[in-house]
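Just run-v7.cif here, mmCIF, N, CA and C atoms and all ligand atoms:
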data_target
loop_
_atom_site.label_atom_id
_atom_site.label_comp_id
_atom_site.auth_asym_id
_atom_site.auth_seq_id
_atom_site.Cartn_x
_atom_site.Cartn_y
_atom_site.Cartn_z
N MET A 1 -41.52 -25.75 38.00
CA MET A 1 -40.56 -26.82 37.71
C MET A 1 -40.63 -27.23 36.24
N LYS A 2 -41.86 -27.36 35.77
CA LYS A 2 -42.11 -27.74 34.37
C LYS A 2 -41.46 -26.73 33.42
N LYS A 3 -41.63 -25.45 33.75
CA LYS A 3 -41.09 -24.37 32.94
C LYS A 3 -39.57 -24.49 32.82
N LEU A 4 -38.94 -24.78 33.95
CA LEU A 4 -37.48 -24.89 34.01
C LEU A 4 -36.99 -26.03 33.12
N GLU A 5 -37.69 -27.15 33.14
CA GLU A 5 -37.29 -28.30 32.31
C GLU A 5 -37.36 -27.95 30.83
N ASN A 6 -38.41 -27.21 30.46
CA ASN A 6 -38.54 -26.81 29.07
C ASN A 6 -37.37 -25.92 28.65
N LYS A 7 -36.98 -25.05 29.57
CA LYS A 7 -35.84 -24.17 29.28
C LYS A 7 -34.57 -24.98 29.10
N THR A 8 -34.40 -25.99 29.94
CA THR A 8 -33.20 -26.83 29.84
C THR A 8 -33.17 -27.52 28.48
N LYS A 9 -34.32 -28.02 28.07
CA LYS A 9 -34.41 -28.68 26.76
C LYS A 9 -34.00 -27.72 25.65
N ALA A 10 -34.56 -26.51 25.73
CA ALA A 10 -34.25 -25.50 24.71
C ALA A 10 -32.75 -25.19 24.70
N GLU A 11 -32.16 -25.11 25.89
CA GLU A 11 -30.72 -24.83 25.96
C GLU A 11 -29.91 -25.94 25.31
N VAL A 12 -30.31 -27.18 25.59
CA VAL A 12 -29.60 -28.33 25.00
C VAL A 12 -29.70 -28.28 23.49
N VAL A 13 -30.91 -27.99 22.99
CA VAL A 13 -31.11 -27.91 21.54
C VAL A 13 -30.21 -26.83 20.95
N TRP A 14 -30.17 -25.68 21.59
CA TRP A 14 -29.33 -24.59 21.08
C TRP A 14 -27.85 -24.95 21.11
N ILE A 15 -27.42 -25.55 22.22
CA ILE A 15 -26.00 -25.92 22.33
C ILE A 15 -25.63 -26.93 21.24
N VAL A 16 -26.50 -27.92 21.04
CA VAL A 16 -26.22 -28.93 20.02
C VAL A 16 -26.22 -28.29 18.63
N ALA A 17 -27.17 -27.39 18.38
CA ALA A 17 -27.23 -26.74 17.07
C ALA A 17 -25.97 -25.92 16.81
N VAL A 18 -25.54 -25.15 17.80
CA VAL A 18 -24.36 -24.30 17.63
C VAL A 18 -23.11 -25.17 17.46
N LEU A 19 -23.01 -26.21 18.29
CA LEU A 19 -21.84 -27.11 18.17
C LEU A 19 -21.79 -27.77 16.79
N THR A 20 -22.98 -28.17 16.29
CA THR A 20 -23.02 -28.80 14.97
C THR A 20 -22.49 -27.84 13.90
N ILE A 21 -22.90 -26.58 13.97
CA ILE A 21 -22.44 -25.58 12.99
C ILE A 21 -20.94 -25.37 13.12
N LEU A 22 -20.44 -25.26 14.35
CA LEU A 22 -19.00 -25.03 14.55
C LEU A 22 -18.17 -26.20 14.06
N VAL A 23 -18.63 -27.43 14.35
CA VAL A 23 -17.88 -28.61 13.91
C VAL A 23 -17.90 -28.69 12.39
N TRP A 24 -19.06 -28.41 11.79
CA TRP A 24 -19.15 -28.41 10.33
C TRP A 24 -18.18 -27.38 9.73
N ALA A 25 -18.14 -26.17 10.32
CA ALA A 25 -17.24 -25.12 9.81
C ALA A 25 -15.79 -25.56 9.93
N ALA A 26 -15.42 -26.16 11.07
CA ALA A 26 -14.04 -26.58 11.28
C ALA A 26 -13.65 -27.67 10.29
N VAL A 27 -14.55 -28.64 10.08
CA VAL A 27 -14.24 -29.76 9.19
C VAL A 27 -14.15 -29.27 7.74
N SER A 28 -15.10 -28.43 7.31
CA SER A 28 -15.05 -27.99 5.91
C SER A 28 -13.85 -27.08 5.67
N ASN A 29 -13.48 -26.28 6.66
CA ASN A 29 -12.29 -25.43 6.54
C ASN A 29 -11.03 -26.27 6.44
N ALA A 30 -10.92 -27.29 7.28
CA ALA A 30 -9.75 -28.17 7.25
C ALA A 30 -9.67 -28.89 5.91
N ALA A 31 -10.83 -29.33 5.40
CA ALA A 31 -10.85 -30.03 4.12
C ALA A 31 -10.42 -29.09 3.00
N TYR A 32 -10.89 -27.83 3.04
CA TYR A 32 -10.52 -26.86 2.01
C TYR A 32 -9.02 -26.61 2.04
N LEU A 33 -8.49 -26.37 3.24
CA LEU A 33 -7.05 -26.09 3.35
C LEU A 33 -6.23 -27.28 2.90
N HIS A 34 -6.71 -28.48 3.22
CA HIS A 34 -5.99 -29.69 2.82
C HIS A 34 -5.96 -29.81 1.30
N ASP A 35 -7.10 -29.56 0.65
CA ASP A 35 -7.20 -29.69 -0.80
C ASP A 35 -6.43 -28.61 -1.54
N ASN A 36 -6.29 -27.44 -0.94
CA ASN A 36 -5.70 -26.31 -1.66
C ASN A 36 -4.29 -25.95 -1.21
N SER A 37 -3.76 -26.71 -0.29
CA SER A 37 -2.46 -26.33 0.26
C SER A 37 -1.35 -26.47 -0.77
N SER A 38 -1.53 -27.36 -1.77
CA SER A 38 -0.44 -27.58 -2.72
C SER A 38 -0.34 -26.45 -3.73
N SER A 39 -1.42 -25.71 -3.97
CA SER A 39 -1.35 -24.67 -4.98
C SER A 39 -0.64 -23.43 -4.45
N ILE A 40 -0.62 -23.27 -3.16
CA ILE A 40 0.09 -22.13 -2.59
C ILE A 40 1.07 -22.65 -1.55
N ALA A 41 2.34 -22.65 -1.93
CA ALA A 41 3.36 -23.06 -0.97
C ALA A 41 3.95 -21.80 -0.38
N ASN A 42 3.96 -21.70 0.89
CA ASN A 42 4.47 -20.48 1.49
C ASN A 42 5.43 -20.78 2.63
N PRO A 43 6.48 -21.54 2.31
CA PRO A 43 7.43 -21.84 3.37
C PRO A 43 8.36 -20.65 3.57
N VAL A 44 8.19 -19.94 4.63
CA VAL A 44 9.06 -18.79 4.88
C VAL A 44 10.49 -19.30 5.00
N GLY A 45 11.35 -18.81 4.13
CA GLY A 45 12.74 -19.24 4.18
C GLY A 45 13.01 -20.54 3.46
N GLY A 46 11.97 -21.17 2.90
CA GLY A 46 12.19 -22.40 2.13
C GLY A 46 12.86 -22.09 0.80
N ASN A 47 13.24 -23.13 0.07
CA ASN A 47 13.86 -22.90 -1.23
C ASN A 47 12.85 -22.33 -2.20
N PRO A 48 13.16 -21.16 -2.80
CA PRO A 48 12.21 -20.61 -3.77
C PRO A 48 12.08 -21.56 -4.96
N GLN A 49 10.88 -21.77 -5.43
CA GLN A 49 10.65 -22.64 -6.59
C GLN A 49 10.33 -21.79 -7.80
N GLY A 50 10.68 -22.31 -8.97
CA GLY A 50 10.32 -21.66 -10.22
C GLY A 50 11.07 -20.35 -10.43
N VAL A 51 10.40 -19.44 -11.11
CA VAL A 51 10.99 -18.14 -11.44
C VAL A 51 10.87 -17.23 -10.22
N VAL A 52 12.01 -16.68 -9.80
CA VAL A 52 12.01 -15.84 -8.60
C VAL A 52 11.86 -14.37 -8.99
N ILE A 53 10.87 -13.72 -8.45
CA ILE A 53 10.65 -12.29 -8.69
C ILE A 53 10.78 -11.57 -7.35
N ASN A 54 11.68 -10.61 -7.31
CA ASN A 54 11.85 -9.84 -6.07
C ASN A 54 10.86 -8.68 -6.07
N VAL A 55 10.14 -8.57 -4.97
CA VAL A 55 9.09 -7.56 -4.85
C VAL A 55 9.45 -6.63 -3.70
N THR A 56 9.43 -5.32 -3.98
CA THR A 56 9.69 -4.35 -2.92
C THR A 56 8.52 -3.39 -2.82
N GLY A 57 7.96 -3.29 -1.64
CA GLY A 57 6.92 -2.32 -1.39
C GLY A 57 7.53 -1.10 -0.74
N TYR A 58 7.06 0.06 -1.09
CA TYR A 58 7.52 1.30 -0.46
C TYR A 58 6.41 2.33 -0.59
N GLN A 59 6.51 3.38 0.19
CA GLN A 59 5.49 4.43 0.15
C GLN A 59 5.66 5.24 -1.15
N TRP A 60 4.77 5.06 -2.23
CA TRP A 60 3.59 4.24 -2.19
C TRP A 60 3.47 3.52 -3.52
N ALA A 61 4.28 2.51 -3.71
CA ALA A 61 4.24 1.73 -4.95
C ALA A 61 4.91 0.37 -4.71
N TRP A 62 4.81 -0.48 -5.72
CA TRP A 62 5.45 -1.80 -5.68
C TRP A 62 6.40 -1.92 -6.86
N THR A 63 7.61 -2.42 -6.60
CA THR A 63 8.54 -2.70 -7.68
C THR A 63 8.73 -4.21 -7.80
N PHE A 64 8.65 -4.70 -9.04
CA PHE A 64 8.86 -6.12 -9.32
C PHE A 64 10.13 -6.26 -10.14
N THR A 65 11.09 -7.02 -9.63
CA THR A 65 12.35 -7.20 -10.35
C THR A 65 12.46 -8.65 -10.80
N TYR A 66 12.62 -8.82 -12.12
CA TYR A 66 12.62 -10.14 -12.74
C TYR A 66 14.04 -10.69 -12.81
N PRO A 67 14.17 -12.02 -13.06
CA PRO A 67 15.50 -12.64 -13.06
C PRO A 67 16.47 -12.01 -14.07
N ASN A 68 15.95 -11.46 -15.18
CA ASN A 68 16.85 -10.85 -16.17
C ASN A 68 17.28 -9.43 -15.79
N GLY A 69 16.87 -8.98 -14.61
CA GLY A 69 17.33 -7.68 -14.14
C GLY A 69 16.38 -6.53 -14.43
N THR A 70 15.42 -6.77 -15.32
CA THR A 70 14.45 -5.70 -15.60
C THR A 70 13.45 -5.59 -14.45
N SER A 71 12.83 -4.43 -14.37
CA SER A 71 11.83 -4.29 -13.31
C SER A 71 10.65 -3.48 -13.80
N SER A 72 9.56 -3.59 -13.10
CA SER A 72 8.36 -2.84 -13.44
C SER A 72 7.75 -2.31 -12.16
N ILE A 73 7.01 -1.24 -12.31
CA ILE A 73 6.36 -0.63 -11.15
C ILE A 73 4.85 -0.79 -11.29
N ASP A 74 4.25 -1.34 -10.24
CA ASP A 74 2.79 -1.51 -10.17
C ASP A 74 2.20 -2.36 -11.29
N ASN A 75 3.04 -3.13 -11.98
CA ASN A 75 2.51 -4.14 -12.90
C ASN A 75 3.40 -5.38 -12.84
N LEU A 76 2.77 -6.49 -12.59
CA LEU A 76 3.48 -7.76 -12.50
C LEU A 76 3.11 -8.59 -13.72
N SER A 77 4.14 -8.96 -14.51
CA SER A 77 3.89 -9.73 -15.74
C SER A 77 4.27 -11.20 -15.52
N LEU A 78 3.31 -12.08 -15.77
CA LEU A 78 3.54 -13.50 -15.55
C LEU A 78 3.07 -14.29 -16.77
N LYS A 79 3.53 -15.54 -16.85
CA LYS A 79 3.08 -16.43 -17.92
C LYS A 79 2.26 -17.57 -17.30
N ALA A 80 1.15 -17.87 -17.92
CA ALA A 80 0.29 -18.95 -17.41
C ALA A 80 1.05 -20.27 -17.45
N GLY A 81 0.89 -21.07 -16.43
CA GLY A 81 1.52 -22.38 -16.38
C GLY A 81 2.93 -22.37 -15.81
N THR A 82 3.47 -21.20 -15.54
CA THR A 82 4.81 -21.10 -14.97
C THR A 82 4.69 -20.90 -13.46
N THR A 83 5.59 -21.56 -12.74
CA THR A 83 5.58 -21.41 -11.28
C THR A 83 6.49 -20.25 -10.89
N TYR A 84 5.99 -19.41 -10.00
CA TYR A 84 6.74 -18.24 -9.56
C TYR A 84 6.87 -18.23 -8.05
N THR A 85 7.99 -17.73 -7.59
CA THR A 85 8.11 -17.41 -6.17
C THR A 85 8.35 -15.92 -6.05
N LEU A 86 7.47 -15.24 -5.33
CA LEU A 86 7.66 -13.82 -5.04
C LEU A 86 8.42 -13.73 -3.73
N VAL A 87 9.54 -13.02 -3.77
CA VAL A 87 10.32 -12.77 -2.55
C VAL A 87 10.09 -11.30 -2.20
N ILE A 88 9.43 -11.10 -1.08
CA ILE A 88 8.82 -9.80 -0.81
C ILE A 88 9.47 -9.10 0.38
N THR A 89 9.76 -7.82 0.19
CA THR A 89 10.29 -7.02 1.29
C THR A 89 9.76 -5.60 1.18
N SER A 90 10.17 -4.75 2.12
CA SER A 90 9.74 -3.35 2.11
C SER A 90 10.95 -2.46 2.28
N LYS A 91 10.81 -1.23 1.79
CA LYS A 91 11.88 -0.24 1.97
C LYS A 91 11.65 0.60 3.21
N ASP A 92 10.38 0.63 3.67
CA ASP A 92 10.07 1.53 4.79
C ASP A 92 9.12 0.86 5.78
N VAL A 93 7.87 1.23 5.76
CA VAL A 93 6.92 0.69 6.74
C VAL A 93 6.40 -0.67 6.27
N ILE A 94 5.54 -1.27 7.04
CA ILE A 94 4.97 -2.57 6.68
C ILE A 94 3.88 -2.39 5.62
N HIS A 95 4.00 -3.16 4.55
CA HIS A 95 2.96 -3.21 3.52
C HIS A 95 2.46 -4.65 3.45
N ASP A 96 1.45 -4.87 2.64
CA ASP A 96 0.88 -6.21 2.52
C ASP A 96 0.39 -6.42 1.09
N LEU A 97 1.09 -7.29 0.37
CA LEU A 97 0.72 -7.54 -1.03
C LEU A 97 -0.43 -8.53 -1.10
N TYR A 98 -1.52 -8.10 -1.69
CA TYR A 98 -2.71 -8.94 -1.79
C TYR A 98 -3.10 -9.10 -3.25
N ILE A 99 -3.06 -10.34 -3.74
CA ILE A 99 -3.54 -10.65 -5.09
C ILE A 99 -4.68 -11.65 -4.91
N PRO A 100 -5.91 -11.15 -4.79
CA PRO A 100 -7.01 -12.05 -4.41
C PRO A 100 -7.18 -13.24 -5.33
N GLU A 101 -6.98 -13.02 -6.65
CA GLU A 101 -7.22 -14.10 -7.61
C GLU A 101 -6.33 -15.32 -7.35
N PHE A 102 -5.12 -15.08 -6.82
CA PHE A 102 -4.17 -16.19 -6.61
C PHE A 102 -4.07 -16.59 -5.14
N GLY A 103 -4.90 -16.01 -4.30
CA GLY A 103 -4.81 -16.34 -2.88
C GLY A 103 -3.52 -15.89 -2.26
N VAL A 104 -2.92 -14.83 -2.82
CA VAL A 104 -1.65 -14.32 -2.31
C VAL A 104 -1.91 -13.15 -1.37
N ASN A 105 -1.39 -13.25 -0.16
CA ASN A 105 -1.51 -12.16 0.80
C ASN A 105 -0.30 -12.25 1.71
N VAL A 106 0.70 -11.41 1.45
CA VAL A 106 1.99 -11.55 2.14
C VAL A 106 2.46 -10.19 2.64
N TYR A 107 2.91 -10.16 3.87
CA TYR A 107 3.45 -8.93 4.45
C TYR A 107 4.80 -8.58 3.81
N ALA A 108 5.01 -7.29 3.61
CA ALA A 108 6.30 -6.78 3.17
C ALA A 108 6.90 -6.01 4.35
N VAL A 109 8.02 -6.52 4.84
CA VAL A 109 8.63 -5.97 6.05
C VAL A 109 10.07 -5.59 5.76
N ALA A 110 10.47 -4.38 6.12
CA ALA A 110 11.84 -3.91 5.87
C ALA A 110 12.84 -4.80 6.61
N GLY A 111 13.96 -5.13 5.92
CA GLY A 111 15.01 -5.92 6.53
C GLY A 111 14.68 -7.40 6.67
N HIS A 112 13.65 -7.84 5.97
CA HIS A 112 13.17 -9.21 6.12
C HIS A 112 12.50 -9.60 4.81
N THR A 113 12.61 -10.86 4.41
CA THR A 113 11.88 -11.28 3.21
C THR A 113 10.85 -12.34 3.57
N ASN A 114 9.71 -12.24 2.95
CA ASN A 114 8.69 -13.29 2.98
C ASN A 114 8.55 -13.78 1.56
N GLN A 115 8.16 -15.03 1.40
CA GLN A 115 8.00 -15.51 0.04
C GLN A 115 6.75 -16.34 -0.12
N ILE A 116 6.29 -16.37 -1.35
CA ILE A 116 5.11 -17.19 -1.66
C ILE A 116 5.27 -17.76 -3.06
N THR A 117 4.87 -19.00 -3.24
CA THR A 117 5.00 -19.68 -4.52
C THR A 117 3.61 -20.00 -5.05
N PHE A 118 3.41 -19.70 -6.32
CA PHE A 118 2.12 -20.02 -6.92
C PHE A 118 2.29 -20.16 -8.42
N THR A 119 1.30 -20.77 -9.06
CA THR A 119 1.32 -20.97 -10.51
C THR A 119 0.03 -20.43 -11.10
N PRO A 120 0.11 -19.28 -11.79
CA PRO A 120 -1.11 -18.79 -12.45
C PRO A 120 -1.50 -19.74 -13.57
N THR A 121 -2.78 -20.02 -13.72
CA THR A 121 -3.21 -21.00 -14.72
C THR A 121 -4.01 -20.39 -15.86
N LYS A 122 -4.51 -19.16 -15.66
CA LYS A 122 -5.38 -18.57 -16.68
C LYS A 122 -4.88 -17.20 -17.10
N ALA A 123 -4.78 -17.00 -18.41
CA ALA A 123 -4.38 -15.68 -18.89
C ALA A 123 -5.45 -14.66 -18.51
N GLY A 124 -5.00 -13.44 -18.27
CA GLY A 124 -5.95 -12.40 -17.92
C GLY A 124 -5.27 -11.27 -17.18
N THR A 125 -6.05 -10.30 -16.82
CA THR A 125 -5.55 -9.17 -16.05
C THR A 125 -6.24 -9.17 -14.70
N TYR A 126 -5.43 -9.17 -13.66
CA TYR A 126 -5.97 -9.25 -12.31
C TYR A 126 -5.47 -8.04 -11.52
N ILE A 127 -6.12 -7.78 -10.41
CA ILE A 127 -5.68 -6.65 -9.61
C ILE A 127 -4.86 -7.11 -8.41
N PHE A 128 -4.01 -6.24 -7.93
CA PHE A 128 -3.38 -6.45 -6.63
C PHE A 128 -3.41 -5.13 -5.90
N GLU A 129 -3.26 -5.20 -4.59
CA GLU A 129 -3.21 -3.96 -3.82
C GLU A 129 -2.56 -4.21 -2.47
N CYS A 130 -2.14 -3.12 -1.86
CA CYS A 130 -1.61 -3.18 -0.51
C CYS A 130 -2.80 -3.17 0.44
N VAL A 131 -2.82 -4.12 1.36
CA VAL A 131 -3.95 -4.18 2.30
C VAL A 131 -3.52 -3.93 3.75
N GLU A 132 -2.37 -3.26 3.89
CA GLU A 132 -1.95 -2.84 5.23
C GLU A 132 -1.85 -1.32 5.16
N TYR A 133 -2.64 -0.63 5.97
CA TYR A 133 -2.63 0.82 5.89
C TYR A 133 -1.22 1.34 6.15
N CYS A 134 -0.67 2.09 5.18
CA CYS A 134 0.76 2.41 5.25
C CYS A 134 1.02 3.90 5.03
N GLY A 135 0.01 4.73 5.26
CA GLY A 135 0.24 6.16 5.16
C GLY A 135 -0.70 6.84 4.19
N GLU A 136 -0.40 8.12 3.96
CA GLU A 136 -1.30 9.01 3.25
C GLU A 136 -1.78 8.48 1.89
N TYR A 137 -0.87 7.91 1.09
CA TYR A 137 -1.25 7.47 -0.25
C TYR A 137 -1.33 5.95 -0.36
N HIS A 138 -1.67 5.32 0.76
CA HIS A 138 -1.87 3.87 0.80
C HIS A 138 -2.75 3.40 -0.36
N TYR A 139 -3.79 4.14 -0.64
CA TYR A 139 -4.73 3.72 -1.69
C TYR A 139 -4.10 3.68 -3.07
N GLU A 140 -2.94 4.31 -3.23
CA GLU A 140 -2.29 4.28 -4.55
C GLU A 140 -1.45 3.02 -4.75
N MET A 141 -1.27 2.24 -3.70
CA MET A 141 -0.42 1.03 -3.81
C MET A 141 -1.21 -0.13 -4.39
N ARG A 142 -1.62 0.06 -5.63
CA ARG A 142 -2.38 -0.97 -6.30
C ARG A 142 -1.92 -1.05 -7.73
N GLY A 143 -2.23 -2.15 -8.38
CA GLY A 143 -1.82 -2.29 -9.77
C GLY A 143 -2.40 -3.54 -10.38
N THR A 144 -1.79 -3.99 -11.45
CA THR A 144 -2.34 -5.13 -12.18
C THR A 144 -1.32 -6.25 -12.31
N VAL A 145 -1.86 -7.45 -12.35
CA VAL A 145 -1.07 -8.63 -12.69
C VAL A 145 -1.51 -9.05 -14.08
N THR A 146 -0.57 -9.07 -15.02
CA THR A 146 -0.91 -9.45 -16.38
C THR A 146 -0.38 -10.86 -16.64
N VAL A 147 -1.28 -11.78 -16.87
CA VAL A 147 -0.89 -13.17 -17.15
C VAL A 147 -1.13 -13.43 -18.64
N THR A 148 -0.06 -13.81 -19.36
CA THR A 148 -0.22 -14.08 -20.79
C THR A 148 0.05 -15.55 -21.10
CU CU B 201 1.38 -0.16 1.53
#
What does the file become when written as structure tokens?
Amino acid sequence: MKKLENKTKAEVVWIVAVLTILVWAAVSNAAYLHDNSSSIANPVGGNPQGVVINVTGYQWAWTFTYPNGTSSIDNLSLKAGTTYTLVITSKDVIHDLYIPEFGVNVYAVAGHTNQITFTPTKAGTYIFECVEYCGEYHYEMRGTVTVT
């Protein structure tokens, strides 16, 4: 009987310890999302803010088309302090544009647009890549973001 009681105590301690960790994770995650939600606005179908850049993913590259009609392949040129909305689609299969530095991760789906708004704050060269396996040369769907 004594042994069983000790086990019960140990179980309670474990349950409380695990619950404490889970509650802490949930609260800190909610706090992080609350604090950072304004830097990345991603209202699907909302009004695009700032400079609109149309992004098309296809097997196996990305095209960026700027408001003046020019476009670039596998290089996105931005200016620090300017707000941009990327309007993203695909020509073929599903791709996923991932720019880790800006917290951008958006699916590119044919016949549909997704958008994301962000403001780069620091000049530099950053990487982006497709993070949805999209065929033989998936690994080539990467490039640079140049912020000046
Ligand atoms: Cu892809």
### Task
Identify, on the basis of all atoms listed in the file, every residue whose closest approach to region 124-127 of chain A does not exceed 5 Å; exclude the query and any residue fewer than 3 positions from it along the same chain; express the result as a list of chain:residue names.
A:Gly143, A:Thr144, A:Val145, A:Thr146, A:Val147
Dump as a Markdown table the rows for residues of chain A within 7 Å of ligand CU 201 (chain B): closest atom pair and distance in Å with one decimal, only C-alpha atoms and all ligand atoms counted, ordered by chain and rising residue number.
| residue | atom | partner | partner_atom | distance |
| --- | --- | --- | --- | --- |
| A:Gly57 | CA | B:CU201 | CU | 6.6 |
| A:Tyr58 | CA | B:CU201 | CU | 6.6 |
| A:Gln59 | CA | B:CU201 | CU | 6.3 |
| A:Trp60 | CA | B:CU201 | CU | 6.2 |
| A:Ile94 | CA | B:CU201 | CU | 6.7 |
| A:His95 | CA | B:CU201 | CU | 4.0 |
| A:Asp96 | CA | B:CU201 | CU | 6.2 |
| A:Cys130 | CA | B:CU201 | CU | 4.7 |
| A:Val131 | CA | B:CU201 | CU | 6.7 |
| A:Glu132 | CA | B:CU201 | CU | 5.7 |
| A:Tyr133 | CA | B:CU201 | CU | 6.0 |
| A:Cys134 | CA | B:CU201 | CU | 4.6 |
| A:His138 | CA | B:CU201 | CU | 5.2 |
| A:Met141 | CA | B:CU201 | CU | 5.8 |
### Query
Using all atoms listed in the file, what residues lie at most 6.5 Å away from (7.5, -18.5, -7.2) (file coordinates), given as a PyMOL selection string?
chain A and resi 48-53+83-86+116-118
### Message
With DSSP run on the backbone, what are the strand (DSSP E) residues within region 69-132 of chain A? I'd like them as a VMD selection string.
### Response
chain A and resid 71 to 73 75 to 78 84 to 90 95 to 99 104 to 108 114 to 118 124 to 130
Restrict the selected residues to N, CA and C atoms and save them as a short mmCIF file (atom, residue, chain, number, x, y, z; two decimals), in the frame of the given file.
data_model
loop_
_atom_site.label_atom_id
_atom_site.label_comp_id
_atom_site.auth_asym_id
_atom_site.auth_seq_id
_atom_site.Cartn_x
_atom_site.Cartn_y
_atom_site.Cartn_z
N SER A 71 12.83 -4.43 -14.37
CA SER A 71 11.83 -4.29 -13.31
C SER A 71 10.65 -3.48 -13.80
N SER A 72 9.56 -3.59 -13.10
CA SER A 72 8.36 -2.84 -13.44
C SER A 72 7.75 -2.31 -12.16
N ILE A 73 7.01 -1.24 -12.31
CA ILE A 73 6.36 -0.63 -11.15
C ILE A 73 4.85 -0.79 -11.29
N ASN A 75 3.04 -3.13 -11.98
CA ASN A 75 2.51 -4.14 -12.90
C ASN A 75 3.40 -5.38 -12.84
N LEU A 76 2.77 -6.49 -12.59
CA LEU A 76 3.48 -7.76 -12.50
C LEU A 76 3.11 -8.59 -13.72
N SER A 77 4.14 -8.96 -14.51
CA SER A 77 3.89 -9.73 -15.74
C SER A 77 4.27 -11.20 -15.52
N LEU A 78 3.31 -12.08 -15.77
CA LEU A 78 3.54 -13.50 -15.55
C LEU A 78 3.07 -14.29 -16.77
N TYR A 84 5.99 -19.41 -10.00
CA TYR A 84 6.74 -18.24 -9.56
C TYR A 84 6.87 -18.23 -8.05
N THR A 85 7.99 -17.73 -7.59
CA THR A 85 8.11 -17.41 -6.17
C THR A 85 8.35 -15.92 -6.05
N LEU A 86 7.47 -15.24 -5.33
CA LEU A 86 7.66 -13.82 -5.04
C LEU A 86 8.42 -13.73 -3.73
N VAL A 87 9.54 -13.02 -3.77
CA VAL A 87 10.32 -12.77 -2.55
C VAL A 87 10.09 -11.30 -2.20
N ILE A 88 9.43 -11.10 -1.08
CA ILE A 88 8.82 -9.80 -0.81
C ILE A 88 9.47 -9.10 0.38
N THR A 89 9.76 -7.82 0.19
CA THR A 89 10.29 -7.02 1.29
C THR A 89 9.76 -5.60 1.18
N SER A 90 10.17 -4.75 2.12
CA SER A 90 9.74 -3.35 2.11
C SER A 90 10.95 -2.46 2.28
N HIS A 95 4.00 -3.16 4.55
CA HIS A 95 2.96 -3.21 3.52
C HIS A 95 2.46 -4.65 3.45
N ASP A 96 1.45 -4.87 2.64
CA ASP A 96 0.88 -6.21 2.52
C ASP A 96 0.39 -6.42 1.09
N LEU A 97 1.09 -7.29 0.37
CA LEU A 97 0.72 -7.54 -1.03
C LEU A 97 -0.43 -8.53 -1.10
N TYR A 98 -1.52 -8.10 -1.69
CA TYR A 98 -2.71 -8.94 -1.79
C TYR A 98 -3.10 -9.10 -3.25
N ILE A 99 -3.06 -10.34 -3.74
CA ILE A 99 -3.54 -10.65 -5.09
C ILE A 99 -4.68 -11.65 -4.91
N VAL A 104 -2.92 -14.83 -2.82
CA VAL A 104 -1.65 -14.32 -2.31
C VAL A 104 -1.91 -13.15 -1.37
N ASN A 105 -1.39 -13.25 -0.16
CA ASN A 105 -1.51 -12.16 0.80
C ASN A 105 -0.30 -12.25 1.71
N VAL A 106 0.70 -11.41 1.45
CA VAL A 106 1.99 -11.55 2.14
C VAL A 106 2.46 -10.19 2.64
N TYR A 107 2.91 -10.16 3.87
CA TYR A 107 3.45 -8.93 4.45
C TYR A 107 4.80 -8.58 3.81
N ALA A 108 5.01 -7.29 3.61
CA ALA A 108 6.30 -6.78 3.17
C ALA A 108 6.90 -6.01 4.35
N ASN A 114 9.71 -12.24 2.95
CA ASN A 114 8.69 -13.29 2.98
C ASN A 114 8.55 -13.78 1.56
N GLN A 115 8.16 -15.03 1.40
CA GLN A 115 8.00 -15.51 0.04
C GLN A 115 6.75 -16.34 -0.12
N ILE A 116 6.29 -16.37 -1.35
CA ILE A 116 5.11 -17.19 -1.66
C ILE A 116 5.27 -17.76 -3.06
N THR A 117 4.87 -19.00 -3.24
CA THR A 117 5.00 -19.68 -4.52
C THR A 117 3.61 -20.00 -5.05
N PHE A 118 3.41 -19.70 -6.32
CA PHE A 118 2.12 -20.02 -6.92
C PHE A 118 2.29 -20.16 -8.42
N GLY A 124 -5.00 -13.44 -18.27
CA GLY A 124 -5.95 -12.40 -17.92
C GLY A 124 -5.27 -11.27 -17.18
N THR A 125 -6.05 -10.30 -16.82
CA THR A 125 -5.55 -9.17 -16.05
C THR A 125 -6.24 -9.17 -14.70
N TYR A 126 -5.43 -9.17 -13.66
CA TYR A 126 -5.97 -9.25 -12.31
C TYR A 126 -5.47 -8.04 -11.52
N ILE A 127 -6.12 -7.78 -10.41
CA ILE A 127 -5.68 -6.65 -9.61
C ILE A 127 -4.86 -7.11 -8.41
N PHE A 128 -4.01 -6.24 -7.93
CA PHE A 128 -3.38 -6.45 -6.63
C PHE A 128 -3.41 -5.13 -5.90
N GLU A 129 -3.26 -5.20 -4.59
CA GLU A 129 -3.21 -3.96 -3.82
C GLU A 129 -2.56 -4.21 -2.47
N CYS A 130 -2.14 -3.12 -1.86
CA CYS A 130 -1.61 -3.18 -0.51
C CYS A 130 -2.80 -3.17 0.44
#
### Task
Select, from A:Val13, A:Val87, A:Leu33, A:Leu78, the residue with the minimum atom-to-atom distance to Gly103 (chain A), counting only C-alpha atoms.
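Among the listed residues, the smallest separation from Gly103 (chain A) belongs to A:Leu33.
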### Task
Write out as a PyMOL selection string all residues of chain A that DSSP puts in alpha helix (DSSP H) for this structure's backbone.
chain A and resi 2-36
### Message
Please report the interatomic distance between atom N of Asn6 (chain A) and atom N of Val18 (chain A) in Å with one decimal.
### Response
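Taking atom N of Asn6 (chain A) as the start and atom N of Val18 (chain A) as the end point, the length is 18.2 Å.
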What's the 9 Å shell around Ile73 (chain A), counting only C-alpha atoms, without same-chain residues fewer than 6 positions away, as a tab-separated table (two decimals) with N, CA and C atoms, keeping the file's coordinate frame?
chain	number	residue	atom	x	y	z
A	61	ALA	N	4.28	2.51	-3.71
A	61	ALA	CA	4.24	1.73	-4.95
A	61	ALA	C	4.91	0.37	-4.71
A	62	TRP	N	4.81	-0.48	-5.72
A	62	TRP	CA	5.45	-1.80	-5.68
A	62	TRP	C	6.40	-1.92	-6.86
A	63	THR	N	7.61	-2.42	-6.60
A	63	THR	CA	8.54	-2.70	-7.68
A	63	THR	C	8.73	-4.21	-7.80
A	64	PHE	N	8.65	-4.70	-9.04
A	64	PHE	CA	8.86	-6.12	-9.32
A	64	PHE	C	10.13	-6.26	-10.14
A	65	THR	N	11.09	-7.02	-9.63
A	65	THR	CA	12.35	-7.20	-10.35
A	65	THR	C	12.46	-8.65	-10.80
A	143	GLY	N	-2.23	-2.15	-8.38
A	143	GLY	CA	-1.82	-2.29	-9.77
A	143	GLY	C	-2.40	-3.54	-10.38
